[in-house]
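Just input_13.cif here, mmCIF, C-alpha atoms:
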data_data
#
loop_
_atom_site.label_atom_id
_atom_site.label_comp_id
_atom_site.auth_asym_id
_atom_site.auth_seq_id
_atom_site.Cartn_x
_atom_site.Cartn_y
_atom_site.Cartn_z
CA MET A 114 0.00 0.00 0.00
CA ILE A 115 1.30 3.41 -0.95
CA VAL A 116 0.05 6.59 0.68
CA LYS A 117 1.63 9.77 -0.62
CA LEU A 118 0.76 13.36 0.17
CA ILE A 119 1.93 16.06 -2.23
CA ARG A 120 1.57 19.80 -1.73
CA ILE A 121 1.44 22.11 -4.72
CA GLU A 122 1.29 25.88 -4.83
CA VAL A 123 -1.13 27.63 -7.15
CA GLN A 124 -0.68 31.36 -7.82
CA SER A 125 -3.92 33.06 -8.70
CA HIS A 126 -3.81 36.29 -10.69
CA GLN A 127 -7.38 37.56 -10.36
CA ASP A 128 -9.95 38.22 -7.68
CA LEU A 129 -12.17 35.41 -9.03
CA GLU A 130 -10.45 32.81 -11.17
CA MET A 131 -10.62 29.16 -12.23
CA ILE A 132 -7.26 27.46 -12.72
CA ASP A 133 -7.03 24.03 -14.35
CA ILE A 134 -4.91 21.74 -12.13
CA THR A 135 -5.69 18.43 -13.88
CA VAL A 136 -2.09 18.05 -15.06
CA GLN A 137 -0.73 18.62 -11.56
CA ILE A 138 -2.96 15.85 -10.19
CA GLU A 139 -1.90 13.52 -13.01
CA ARG A 140 1.73 14.30 -12.22
CA ALA A 141 1.18 13.60 -8.52
CA ILE A 142 -0.33 10.22 -9.39
CA ALA A 143 2.63 9.36 -11.64
CA GLU A 144 5.11 10.40 -8.96
CA SER A 145 3.33 8.40 -6.27
CA GLY A 146 3.92 5.01 -7.89
CA VAL A 147 0.29 4.03 -7.26
CA ARG A 148 -1.09 1.70 -9.95
CA ASN A 149 -4.60 1.13 -8.64
CA GLY A 150 -6.29 3.23 -6.00
CA PHE A 151 -7.50 6.80 -5.84
CA ALA A 152 -6.36 10.40 -5.76
CA TRP A 153 -7.95 13.04 -3.60
CA ALA A 154 -7.23 16.75 -3.74
CA MET A 155 -8.17 19.47 -1.27
CA SER A 156 -7.77 23.22 -1.09
CA ALA A 157 -6.07 24.26 2.14
CA HIS A 158 -8.09 27.48 2.25
CA THR A 159 -11.56 28.67 3.18
CA SER A 160 -11.92 31.36 0.52
CA ALA A 161 -10.90 29.10 -2.36
CA GLY A 162 -12.01 25.69 -3.52
CA LEU A 163 -11.74 22.81 -5.93
CA LEU A 164 -14.36 21.58 -8.33
CA VAL A 165 -14.75 19.44 -11.43
CA THR A 166 -16.47 20.65 -14.56
CA GLU A 167 -16.06 20.88 -18.30
CA GLY A 168 -12.86 22.64 -19.24
CA ILE A 169 -14.03 25.48 -21.43
CA GLU A 170 -13.60 29.20 -20.84
CA CYS A 171 -17.26 30.13 -21.28
CA LEU A 172 -18.30 27.70 -18.58
CA GLU A 173 -15.57 28.97 -16.27
CA ARG A 174 -17.14 32.41 -16.56
CA ASP A 175 -20.61 31.03 -15.88
CA VAL A 176 -19.50 29.10 -12.80
CA LEU A 177 -17.85 32.16 -11.28
CA ALA A 178 -20.73 34.46 -12.16
CA HIS A 179 -23.28 32.06 -10.71
CA LEU A 180 -21.41 31.63 -7.45
CA GLU A 181 -21.02 35.41 -7.20
CA ARG A 182 -24.77 35.78 -7.65
CA LEU A 183 -25.44 33.21 -4.93
CA ALA A 184 -22.89 34.62 -2.49
CA PRO A 185 -21.95 38.16 -3.52
CA LYS A 186 -18.89 39.86 -2.16
CA GLN A 187 -21.11 42.79 -1.25
CA PRO A 188 -24.84 42.11 -1.08
CA PRO A 189 -27.09 44.57 -2.89
CA GLU A 190 -27.52 47.71 -0.81
CA GLY A 191 -30.46 47.68 1.54
CA THR A 192 -30.84 43.89 1.50
CA TYR A 193 -28.66 42.09 4.03
CA GLY A 194 -25.17 42.17 5.46
CA TYR A 195 -22.62 39.68 6.69
CA TRP A 196 -21.92 38.98 10.35
CA HIS A 197 -18.32 38.35 9.31
CA ASN A 198 -17.80 42.10 8.69
CA ARG A 199 -15.94 42.81 11.90
CA HIS A 200 -12.46 42.96 13.34
CA LEU A 201 -10.86 39.56 13.83
CA ASP A 202 -8.23 39.99 16.52
CA PHE A 203 -6.58 36.65 15.71
CA ASP A 204 -6.00 37.84 12.15
CA GLY A 205 -5.17 41.47 12.92
CA ARG A 206 -7.68 42.70 10.35
CA LEU A 207 -11.32 42.90 9.40
CA GLY A 208 -13.02 39.89 7.90
CA PHE A 209 -15.18 41.29 5.14
CA ASN A 210 -14.96 38.36 2.72
CA ALA A 211 -17.89 36.26 3.91
CA GLY A 212 -19.14 36.01 0.33
CA ASP A 213 -15.88 34.37 -0.67
CA HIS A 214 -16.09 31.85 2.19
CA LEU A 215 -19.66 31.07 1.19
CA LYS A 216 -18.66 30.51 -2.42
CA SER A 217 -16.01 28.09 -1.18
CA ILE A 218 -18.66 26.16 0.72
CA LEU A 219 -21.02 26.11 -2.26
CA GLY A 220 -18.37 25.03 -4.73
CA GLY A 221 -16.62 22.63 -2.37
CA VAL A 222 -13.00 22.30 -1.40
CA ASN A 223 -12.06 18.85 -2.68
CA CYS A 224 -12.32 16.44 -5.58
CA PHE A 225 -11.74 12.71 -5.97
CA PHE A 226 -10.58 10.52 -8.86
CA PRO A 227 -10.01 6.78 -9.26
CA VAL A 228 -6.55 5.66 -10.33
CA GLU A 229 -6.30 2.72 -12.73
CA ASN A 230 -3.09 1.33 -14.19
CA GLY A 231 -1.24 4.38 -12.90
CA LYS A 232 -3.55 6.84 -14.64
CA MET A 233 -6.17 9.30 -13.39
CA VAL A 234 -9.65 8.14 -14.41
CA ARG A 235 -12.06 10.91 -15.40
CA GLY A 236 -14.74 11.72 -17.91
CA SER A 237 -13.49 12.92 -21.27
CA ARG A 238 -14.71 16.46 -20.58
CA GLN A 239 -13.92 16.64 -16.91
CA LYS A 240 -11.20 18.92 -15.63
CA ALA A 241 -10.11 19.52 -12.06
CA TYR A 242 -10.08 23.19 -11.16
CA PHE A 243 -8.61 25.20 -8.35
CA VAL A 244 -11.08 28.04 -7.84
CA GLU A 245 -9.93 31.36 -6.41
CA TYR A 246 -12.60 33.47 -4.71
CA ASP A 247 -10.40 36.15 -3.10
CA GLY A 248 -7.22 36.50 -5.13
CA PRO A 249 -4.60 37.17 -6.16
CA LEU A 250 -2.86 34.87 -3.69
CA ALA A 251 -0.41 31.99 -3.62
CA ARG A 252 -2.51 29.02 -2.48
CA THR A 253 -1.78 25.49 -1.35
CA VAL A 254 -3.50 22.41 -2.73
CA LEU A 255 -3.01 19.03 -1.05
CA ILE A 256 -3.07 15.96 -3.25
CA GLN A 257 -3.09 12.55 -1.60
CA VAL A 258 -2.66 9.40 -3.66
CA LEU A 259 -3.46 6.05 -2.03
CA GLY A 260 -3.42 2.54 -3.43
CA GLU A 261 -1.44 -0.45 -4.60
CA GLY A 262 1.76 -0.05 -6.50
CA SER A 263 5.16 -1.53 -6.99
CA ALA A 264 8.02 -0.43 -4.82
CA ASN A 265 10.29 0.43 -7.70
CA GLU A 266 7.76 2.93 -8.98
CA GLU A 267 7.67 4.84 -5.74
CA SER A 268 9.62 8.09 -5.85
CA MET B 90 -10.42 55.67 -16.35
CA ARG B 91 -8.03 57.02 -13.75
CA THR B 92 -4.26 57.15 -14.12
CA PRO B 93 -2.31 54.22 -12.60
CA GLY B 94 -1.53 55.41 -9.12
CA THR B 95 0.49 55.07 -5.95
CA ASP B 96 -0.57 53.35 -2.77
CA PHE B 97 0.85 55.61 -0.09
CA HIS B 98 0.35 53.18 2.80
CA THR B 99 1.46 49.53 2.66
CA HIS B 100 3.33 47.22 4.99
CA PRO B 101 5.45 44.59 3.21
CA LEU B 102 5.25 42.22 6.17
CA LEU B 103 4.08 39.16 4.26
CA VAL B 104 6.72 39.15 1.49
CA ARG B 105 7.94 35.58 1.68
CA GLU B 106 11.32 36.12 0.01
CA MET B 107 12.28 38.59 2.74
CA VAL B 108 11.02 36.35 5.54
CA GLU B 109 13.07 33.46 4.13
CA ARG B 110 16.19 35.63 4.10
CA HIS B 111 15.49 37.15 7.52
CA PRO B 112 13.49 34.74 9.70
CA GLU B 113 13.12 37.34 12.46
CA LEU B 114 10.67 39.17 10.20
CA ALA B 115 8.15 36.37 10.73
CA LYS B 116 8.12 37.07 14.46
CA ALA B 117 7.76 40.81 13.85
CA ALA B 118 4.76 40.20 11.59
CA ARG B 119 3.02 37.90 14.04
CA GLU B 120 3.96 39.25 17.45
CA THR B 121 4.43 42.98 16.91
CA TYR B 122 2.26 43.83 13.92
CA TYR B 123 -0.30 41.11 14.73
CA ILE B 124 -1.09 39.98 11.20
CA GLY B 125 -2.22 36.39 10.77
CA ASN B 126 -2.30 36.00 6.98
CA ASN B 127 -0.01 33.57 5.14
CA PHE B 128 3.30 34.80 3.80
CA GLN B 129 3.13 35.40 0.08
CA PRO B 130 5.61 35.58 -2.78
CA LEU B 131 6.56 39.05 -3.95
CA GLU B 132 4.57 38.30 -7.09
CA THR B 133 1.35 38.40 -5.09
CA PHE B 134 2.10 41.99 -4.01
CA HIS B 135 2.67 42.96 -7.65
CA LEU B 136 -0.53 41.22 -8.76
CA GLU B 137 -2.49 42.96 -6.03
CA LEU B 138 -1.19 46.31 -7.28
CA ASN B 139 -2.04 45.39 -10.87
CA LEU B 140 -5.57 44.40 -9.99
CA ALA B 141 -6.15 47.71 -8.21
CA GLY B 142 -4.74 49.82 -11.04
CA ILE B 143 -1.82 50.89 -8.87
CA GLU B 144 1.68 51.28 -10.23
CA LYS B 145 3.76 51.88 -7.09
CA ALA B 146 3.53 51.35 -3.36
CA VAL B 147 5.09 53.13 -0.41
CA VAL B 148 6.45 50.41 1.89
CA LEU B 149 6.69 51.17 5.59
CA PRO B 150 8.76 49.89 8.51
CA MET B 151 8.29 50.65 12.22
CA ASP B 152 10.96 51.18 14.86
CA ALA B 153 9.35 50.99 18.28
CA SER B 154 12.46 49.89 20.18
CA THR B 155 11.90 52.05 23.25
CA ALA B 156 8.14 51.64 23.53
CA VAL B 157 7.70 47.92 22.89
CA GLY B 158 11.24 46.64 22.36
CA ALA B 159 10.60 45.69 18.75
CA VAL B 160 11.36 46.77 15.23
CA VAL B 161 8.97 45.77 12.46
CA TRP B 162 11.42 45.75 9.57
CA THR B 163 14.51 47.92 9.72
CA ASN B 164 15.34 50.66 7.26
CA GLU B 165 17.91 48.27 5.78
CA HIS B 166 15.18 45.66 5.21
CA ILE B 167 13.08 48.25 3.40
CA ALA B 168 16.04 49.29 1.25
CA GLU B 169 16.71 45.62 0.43
CA LEU B 170 13.09 45.12 -0.63
CA CYS B 171 13.22 48.22 -2.81
CA ARG B 172 16.20 46.73 -4.63
CA MET B 173 14.01 43.72 -5.47
CA SER B 174 11.32 45.76 -7.22
CA THR B 175 11.20 49.17 -8.88
CA ARG B 176 7.55 49.40 -7.85
CA PHE B 177 8.34 50.11 -4.21
CA ILE B 178 9.06 53.48 -2.61
CA GLY B 179 10.77 52.92 0.72
CA PHE B 180 10.12 54.99 3.81
CA ALA B 181 12.27 54.99 6.94
CA SER B 182 11.27 54.65 10.55
CA VAL B 183 13.30 55.82 13.51
CA ASP B 184 12.63 55.68 17.21
CA PRO B 185 11.91 59.28 18.25
CA HIS B 186 13.03 58.49 21.79
CA ARG B 187 16.62 57.97 20.63
CA GLU B 188 18.98 60.93 20.75
CA ASP B 189 20.49 59.93 17.42
CA ALA B 190 17.08 59.73 15.70
CA PRO B 191 17.80 62.71 13.37
CA GLU B 192 21.12 61.23 12.32
CA ARG B 193 19.52 57.84 11.68
CA LEU B 194 16.90 59.50 9.51
CA ARG B 195 19.55 61.40 7.57
CA CYS B 196 21.42 58.14 6.97
CA ALA B 197 18.26 56.34 5.82
CA ILE B 198 17.49 59.06 3.29
CA GLN B 199 20.96 59.91 2.06
CA THR B 200 22.65 56.51 2.27
CA LEU B 201 19.85 53.97 1.87
CA GLY B 202 17.85 56.03 -0.61
CA LEU B 203 14.58 56.01 1.34
CA ARG B 204 12.15 58.79 0.56
CA GLY B 205 10.06 59.57 3.60
CA LEU B 206 9.58 58.92 7.31
CA LYS B 207 6.91 56.83 9.00
CA LEU B 208 6.07 57.50 12.62
CA SER B 209 3.39 55.85 14.70
CA PRO B 210 2.79 57.83 17.90
CA PRO B 211 0.33 55.25 19.35
CA THR B 212 2.83 52.42 18.96
CA GLN B 213 6.00 54.41 19.59
CA ARG B 214 4.27 56.08 22.52
CA PHE B 215 4.98 59.74 22.09
CA PHE B 216 2.76 62.74 21.57
CA PRO B 217 3.37 64.28 18.16
CA ASP B 218 3.70 67.73 19.72
CA ASP B 219 6.24 66.57 22.30
CA ALA B 220 9.48 68.53 21.90
CA LEU B 221 11.43 65.30 21.92
CA ALA B 222 10.42 64.71 18.30
CA TYR B 223 11.12 68.22 17.05
CA PRO B 224 14.75 67.60 16.03
CA LEU B 225 13.41 64.78 13.87
CA TYR B 226 10.87 67.09 12.26
CA GLU B 227 13.58 69.65 11.56
CA THR B 228 15.68 67.01 9.87
CA ALA B 229 12.78 65.74 7.75
CA ARG B 230 11.98 69.33 6.74
CA ASP B 231 15.59 70.04 5.84
CA LEU B 232 15.82 66.81 3.83
CA GLY B 233 12.57 67.65 2.06
CA VAL B 234 10.91 64.34 2.90
CA PRO B 235 7.30 63.92 4.07
CA ILE B 236 6.32 62.28 7.34
CA LEU B 237 3.50 59.78 7.30
CA PHE B 238 2.00 59.65 10.78
CA HIS B 239 -0.30 56.97 12.02
CA ALA B 240 -3.29 58.94 13.29
CA GLY B 241 -6.52 57.93 14.94
CA MET B 242 -7.54 54.40 15.86
CA SER B 243 -4.97 51.63 16.23
CA TRP B 244 -5.81 47.97 16.78
CA GLU B 245 -2.37 47.03 18.07
CA PRO B 246 -2.78 45.79 21.66
CA GLY B 247 0.18 47.74 23.07
CA SER B 248 -0.80 51.03 21.48
CA ARG B 249 -2.63 53.95 23.09
CA LEU B 250 -5.19 55.94 21.11
CA GLN B 251 -4.51 59.22 22.90
CA TYR B 252 -1.18 59.57 21.06
CA GLY B 253 -2.96 59.57 17.71
CA HIS B 254 -5.52 62.31 18.24
CA PRO B 255 -5.29 64.76 15.34
CA MET B 256 -5.28 67.85 17.53
CA ARG B 257 -1.89 66.76 18.83
CA PHE B 258 -0.56 67.37 15.31
CA GLU B 259 -1.61 71.01 15.12
CA SER B 260 1.54 72.43 16.66
CA VAL B 261 3.65 70.34 14.29
CA ALA B 262 1.74 71.66 11.29
CA ALA B 263 1.89 75.23 12.56
CA GLU B 264 5.52 75.29 13.66
CA PHE B 265 6.88 73.43 10.63
CA PRO B 266 5.02 74.98 7.69
CA LYS B 267 7.54 73.61 5.19
CA LEU B 268 7.27 70.07 6.56
CA ARG B 269 4.61 68.05 4.78
CA ILE B 270 2.80 65.67 7.08
CA VAL B 271 0.30 63.00 6.15
CA LEU B 272 -2.23 61.86 8.75
CA ALA B 273 -3.00 58.24 7.97
CA HIS B 274 -6.33 56.45 8.20
CA LEU B 275 -8.24 59.77 7.96
CA ALA B 276 -7.38 59.88 11.69
CA TRP B 277 -10.61 57.95 12.22
CA PRO B 278 -12.75 58.31 14.32
CA TRP B 279 -11.64 61.96 14.50
CA VAL B 280 -12.21 62.64 10.82
CA LEU B 281 -13.74 66.08 11.38
CA GLU B 282 -10.74 67.21 13.41
CA ALA B 283 -8.34 65.86 10.80
CA VAL B 284 -10.26 67.60 8.04
CA ALA B 285 -10.21 70.83 10.06
CA LEU B 286 -6.43 70.62 10.30
CA ALA B 287 -6.07 69.96 6.57
CA LEU B 288 -8.40 72.84 5.76
CA LYS B 289 -6.37 75.22 7.90
CA TYR B 290 -2.85 73.96 7.17
CA PRO B 291 -1.84 73.34 3.55
CA ASN B 292 1.07 71.17 4.69
CA VAL B 293 -1.35 68.62 6.22
CA TYR B 294 -2.44 65.73 4.02
CA LEU B 295 -4.75 62.80 4.75
CA ASP B 296 -4.50 59.24 3.53
CA THR B 297 -7.53 57.07 2.87
CA SER B 298 -6.38 53.87 4.60
CA ALA B 299 -9.29 53.71 7.02
CA LEU B 300 -11.30 50.59 7.71
CA TYR B 301 -12.63 49.85 11.16
CA PHE B 302 -15.98 48.17 10.56
CA ASP B 303 -18.24 46.84 7.80
CA ASN B 304 -16.30 46.66 4.54
CA PRO B 305 -14.19 49.16 2.58
CA ARG B 306 -17.07 50.43 0.45
CA ASP B 307 -19.49 50.98 3.32
CA PHE B 308 -16.91 52.24 5.79
CA LEU B 309 -15.39 54.82 3.46
CA ARG B 310 -18.83 55.92 2.38
CA PHE B 311 -19.65 56.54 6.04
CA ALA B 312 -16.39 58.38 6.78
CA MET B 313 -16.14 60.36 3.56
CA THR B 314 -19.75 61.15 2.78
CA HIS B 315 -21.55 61.11 6.15
CA GLN B 316 -18.94 62.08 8.72
CA VAL B 317 -17.66 64.69 6.26
CA PRO B 318 -19.44 65.48 2.98
CA LEU B 319 -17.61 64.21 -0.10
CA THR B 320 -17.73 67.73 -1.54
CA VAL B 321 -15.32 68.88 1.17
CA PHE B 322 -12.73 66.41 -0.07
CA GLU B 323 -13.51 67.11 -3.74
CA ARG B 324 -13.60 70.89 -3.57
CA SER B 325 -11.32 71.85 -0.69
CA LEU B 326 -8.92 68.97 -0.08
CA ARG B 327 -8.49 67.38 -3.48
CA LYS B 328 -4.78 68.26 -3.43
CA GLN B 329 -4.28 67.06 0.14
CA LEU B 330 -5.76 63.58 -0.04
CA VAL B 331 -3.70 60.52 -1.04
CA PHE B 332 -4.80 56.96 -1.66
CA GLY B 333 -3.58 54.49 0.95
CA SER B 334 -4.76 50.94 1.54
CA ASN B 335 -3.01 49.74 4.73
CA TYR B 336 -2.25 46.45 2.92
CA PRO B 337 -2.12 43.70 4.11
CA ARG B 338 -4.67 44.57 6.78
CA VAL B 339 -6.89 45.31 3.80
CA GLU B 340 -6.43 44.23 0.20
CA ILE B 341 -5.43 47.06 -2.12
CA LYS B 342 -8.07 45.97 -4.65
CA ASN B 343 -10.86 46.47 -2.12
CA MET B 344 -9.72 49.90 -0.92
CA ALA B 345 -9.17 51.15 -4.47
CA ALA B 346 -12.61 49.94 -5.53
CA ALA B 347 -14.14 51.65 -2.50
CA ILE B 348 -12.54 55.01 -3.32
CA ASP B 349 -13.54 54.61 -6.97
CA SER B 350 -17.15 54.05 -5.89
CA LEU B 351 -17.54 57.21 -3.79
CA GLY B 352 -18.41 59.55 -6.64
CA PHE B 353 -15.27 61.64 -7.04
CA SER B 354 -14.67 63.29 -10.41
CA GLU B 355 -12.01 61.72 -12.60
CA GLU B 356 -9.80 64.76 -12.06
CA CYS B 357 -10.03 64.29 -8.30
CA LEU B 358 -9.38 60.54 -8.54
CA ASN B 359 -6.22 61.19 -10.52
CA LEU B 360 -5.02 63.60 -7.84
CA VAL B 361 -5.87 61.22 -5.00
CA PHE B 362 -4.44 58.13 -6.64
CA ARG B 363 -1.41 59.64 -8.33
CA TYR B 364 -0.50 63.28 -8.54
CA ASN B 365 -0.72 64.21 -4.85
CA ALA B 366 1.64 61.37 -4.00
CA ASP B 367 3.97 62.48 -6.78
CA ALA B 368 4.00 65.99 -5.34
CA LEU B 369 4.70 64.74 -1.82
CA LEU B 370 7.61 62.64 -3.02
CA GLU B 371 8.98 65.10 -5.54
CA ALA B 372 11.62 66.67 -3.33
CA SER B 373 13.07 63.27 -2.41
CA ARG B 374 13.68 62.03 -5.95
#
Starting from the file, give its structure as structure tokens.
Amino acid sequence: MIVKLIRIEVQSHQDLEMIDITVQIERAIAESGVRNGFAWAMSAHTSAGLLVTEGIECLERDVLAHLERLAPKQPPEGTYGYWHNRHLDFDGRLGFNAGDHLKSILGGVNCFFPVENGKMVRGSRQKAYFVEYDGPLARTVLIQVLGEGSANEES
Amino acid sequence: MRTPGTDFHTHPLLVREMVERHPELAKAARETYYIGNNFQPLETFHLELNLAGIEKAVVLPMDASTAVGAVVWTNEHIAELCRMSTRFIGFASVDPHREDAPERLRCAIQTLGLRGLKLSPPTQRFFPDDALAYPLYETARDLGVPILFHAGMSWEPGSRLQYGHPMRFESVAAEFPKLRIVLAHLAWPWVLEAVALALKYPNVYLDTSALYFDNPRDFLRFAMTHQVPLTVFERSLRKQLVFGSNYPRVEIKNMAAAIDSLGFSEECLNLVFRYNADALLEASR
């Protein structure tokens, strides 16, 4: 049994952004030496997430726009406000990004793929995305690969 | 579309490359400045500026050796960071309680190439109108560099708000008419008093880096349209207001968007975001 945890850093460039990390997960699987098992990836943040969808730019825009409608950074004036808008002494700053945390909850923070014969198994149109809700920031994604493999393939 | 501007108030505390070179900076960020965010590559700072339509940032240290026994970045650290990026404008900090404070400021400007002075009376625990700081003001005036003062509210646990009341800056403004001073954070909650000083003294400037509740848009709308009408800033103080974010306590993108949303004319936005900062820094080029 092989269990390998790999950390990758993803640099976002925009406030809201979807970044395809499918290749990084495939690379982690290859490096792990696992032949049959699964790979699981998780964002280490609460204002970012991971999700799986079709890898086309128009859909990326729709996903972000829909999540922003559901959990806006600033609700329409005169409607409601966020309890999170207050000073957080443990952070030394105000927390006014509740909408970004809520988008992270709605979109999820992890994704899961089977591994077969050393390869990531996914639908032909599926891509794994890191999703930034409060960028630009350098973010950490954890990828854990678990399964059977041969010792000489372990790195 | 406003001109790419300058952020007159940033703290480079989270720049990972500097923390890796100087591990003591991690302790300063956590235990003296009390910021809990993750350290970030320098690239993140640049991207944050890009997203906000900001070209350059004033980067600030803090020497509070006497008051709290700590320095949050030295002048040498700031100079080192400025050598890593042409987008940074380094300011110095000196401990006003030290007898050699004027000489240290002169060295920071003339030897290290820094271009202004940052003082934080609430953290450094001195009243701005205390004579102990006057030799420092004389030196800054003679060097032609502005002083950016923390004014108003401070979250830092060891600080005392009484040192940041804007009325304690009046004697400085009056007795050093050729010294340009910037009161940070709109001196909130004493915005009216700070505005009164700026109205009376042309050498008093205000920076916009104020956020103490709600979010940048709603807070600045309260401070700059309700506490004081926006027309006062637009008509009377448009050449004495500079954009500042207080990054990383607030993201630059959020503060810039908040100022953009207030309703200033494009001419005024260009002054606030760019030309007033250029004028303040002109003598130190």
Evaluate the PyMOL selection byres ((chain B) within 12 of (chain A)) against this structure - the residues, as a PyMOL selection string, please.
chain B and resi 103-105+118-141+243-246+299-308+335-344+346-347
Write the residues you've just listed into a file as a PDB file, keeping the file's coordinate frame, and include C-alpha atoms for each of them.
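Output file again26.pdb follows:
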ATOM      1  CA  LEU B 103       4.080  39.160   4.260  1.00  0.00           C
ATOM      2  CA  VAL B 104       6.720  39.150   1.490  1.00  0.00           C
ATOM      3  CA  ARG B 105       7.940  35.580   1.680  1.00  0.00           C
ATOM      4  CA  ALA B 118       4.760  40.200  11.590  1.00  0.00           C
ATOM      5  CA  ARG B 119       3.020  37.900  14.040  1.00  0.00           C
ATOM      6  CA  GLU B 120       3.960  39.250  17.450  1.00  0.00           C
ATOM      7  CA  THR B 121       4.430  42.980  16.910  1.00  0.00           C
ATOM      8  CA  TYR B 122       2.260  43.830  13.920  1.00  0.00           C
ATOM      9  CA  TYR B 123      -0.300  41.110  14.730  1.00  0.00           C
ATOM     10  CA  ILE B 124      -1.090  39.980  11.200  1.00  0.00           C
ATOM     11  CA  GLY B 125      -2.220  36.390  10.770  1.00  0.00           C
ATOM     12  CA  ASN B 126      -2.300  36.000   6.980  1.00  0.00           C
ATOM     13  CA  ASN B 127      -0.010  33.570   5.140  1.00  0.00           C
ATOM     14  CA  PHE B 128       3.300  34.800   3.800  1.00  0.00           C
ATOM     15  CA  GLN B 129       3.130  35.400   0.080  1.00  0.00           C
ATOM     16  CA  PRO B 130       5.610  35.580  -2.780  1.00  0.00           C
ATOM     17  CA  LEU B 131       6.560  39.050  -3.950  1.00  0.00           C
ATOM     18  CA  GLU B 132       4.570  38.300  -7.090  1.00  0.00           C
ATOM     19  CA  THR B 133       1.350  38.400  -5.090  1.00  0.00           C
ATOM     20  CA  PHE B 134       2.100  41.990  -4.010  1.00  0.00           C
ATOM     21  CA  HIS B 135       2.670  42.960  -7.650  1.00  0.00           C
ATOM     22  CA  LEU B 136      -0.530  41.220  -8.760  1.00  0.00           C
ATOM     23  CA  GLU B 137      -2.490  42.960  -6.030  1.00  0.00           C
ATOM     24  CA  LEU B 138      -1.190  46.310  -7.280  1.00  0.00           C
ATOM     25  CA  ASN B 139      -2.040  45.390 -10.870  1.00  0.00           C
ATOM     26  CA  LEU B 140      -5.570  44.400  -9.990  1.00  0.00           C
ATOM     27  CA  ALA B 141      -6.150  47.710  -8.210  1.00  0.00           C
ATOM     28  CA  SER B 243      -4.970  51.630  16.230  1.00  0.00           C
ATOM     29  CA  TRP B 244      -5.810  47.970  16.780  1.00  0.00           C
ATOM     30  CA  GLU B 245      -2.370  47.030  18.070  1.00  0.00           C
ATOM     31  CA  PRO B 246      -2.780  45.790  21.660  1.00  0.00           C
ATOM     32  CA  ALA B 299      -9.290  53.710   7.020  1.00  0.00           C
ATOM     33  CA  LEU B 300     -11.300  50.590   7.710  1.00  0.00           C
ATOM     34  CA  TYR B 301     -12.630  49.850  11.160  1.00  0.00           C
ATOM     35  CA  PHE B 302     -15.980  48.170  10.560  1.00  0.00           C
ATOM     36  CA  ASP B 303     -18.240  46.840   7.800  1.00  0.00           C
ATOM     37  CA  ASN B 304     -16.300  46.660   4.540  1.00  0.00           C
ATOM     38  CA  PRO B 305     -14.190  49.160   2.580  1.00  0.00           C
ATOM     39  CA  ARG B 306     -17.070  50.430   0.450  1.00  0.00           C
ATOM     40  CA  ASP B 307     -19.490  50.980   3.320  1.00  0.00           C
ATOM     41  CA  PHE B 308     -16.910  52.240   5.790  1.00  0.00           C
ATOM     42  CA  ASN B 335      -3.010  49.740   4.730  1.00  0.00           C
ATOM     43  CA  TYR B 336      -2.250  46.450   2.920  1.00  0.00           C
ATOM     44  CA  PRO B 337      -2.120  43.700   4.110  1.00  0.00           C
ATOM     45  CA  ARG B 338      -4.670  44.570   6.780  1.00  0.00           C
ATOM     46  CA  VAL B 339      -6.890  45.310   3.800  1.00  0.00           C
ATOM     47  CA  GLU B 340      -6.430  44.230   0.200  1.00  0.00           C
ATOM     48  CA  ILE B 341      -5.430  47.060  -2.120  1.00  0.00           C
ATOM     49  CA  LYS B 342      -8.070  45.970  -4.650  1.00  0.00           C
ATOM     50  CA  ASN B 343     -10.860  46.470  -2.120  1.00  0.00           C
ATOM     51  CA  MET B 344      -9.720  49.900  -0.920  1.00  0.00           C
ATOM     52  CA  ALA B 346     -12.610  49.940  -5.530  1.00  0.00           C
ATOM     53  CA  ALA B 347     -14.140  51.650  -2.500  1.00  0.00           C
TER      54      ALA B 347
END
Compute the distance from (16.8, 53.3, 1.1) to each atom, counting all atoms listed in the file, keep the residues with any atom at most 8 Å away, and return them as a ChimeraX atom specification; use the coordinates of the file.
/B:164-165,167-169,171,179-181,197-204
Running the PyMOL selection byres ((chain A and resi 159-174) around 6) on this model by hand, what would come out? Give it as number ranges by chain.
A: 156, 158, 175-177, 213-214, 217, 221-223, 238-246
Assuming the chain letters and numbering stay as they are in my file, what does the PyMOL selection byres ((chain B and resi 146) around 9) actually select? List them as an MDAnalysis selection string.
chainID B and resid 94:99 138 143:145 147:148 176:179 333
Output file for the selection above: C-alpha atoms, as a short mmCIF file (atom, residue, chain, number, x, y, z; two decimals), keeping the file's coordinate frame:
data_model
loop_
_atom_site.label_atom_id
_atom_site.label_comp_id
_atom_site.auth_asym_id
_atom_site.auth_seq_id
_atom_site.Cartn_x
_atom_site.Cartn_y
_atom_site.Cartn_z
CA GLY B 94 -1.53 55.41 -9.12
CA THR B 95 0.49 55.07 -5.95
CA ASP B 96 -0.57 53.35 -2.77
CA PHE B 97 0.85 55.61 -0.09
CA HIS B 98 0.35 53.18 2.80
CA THR B 99 1.46 49.53 2.66
CA LEU B 138 -1.19 46.31 -7.28
CA ILE B 143 -1.82 50.89 -8.87
CA GLU B 144 1.68 51.28 -10.23
CA LYS B 145 3.76 51.88 -7.09
CA VAL B 147 5.09 53.13 -0.41
CA VAL B 148 6.45 50.41 1.89
CA ARG B 176 7.55 49.40 -7.85
CA PHE B 177 8.34 50.11 -4.21
CA ILE B 178 9.06 53.48 -2.61
CA GLY B 179 10.77 52.92 0.72
CA GLY B 333 -3.58 54.49 0.95
#
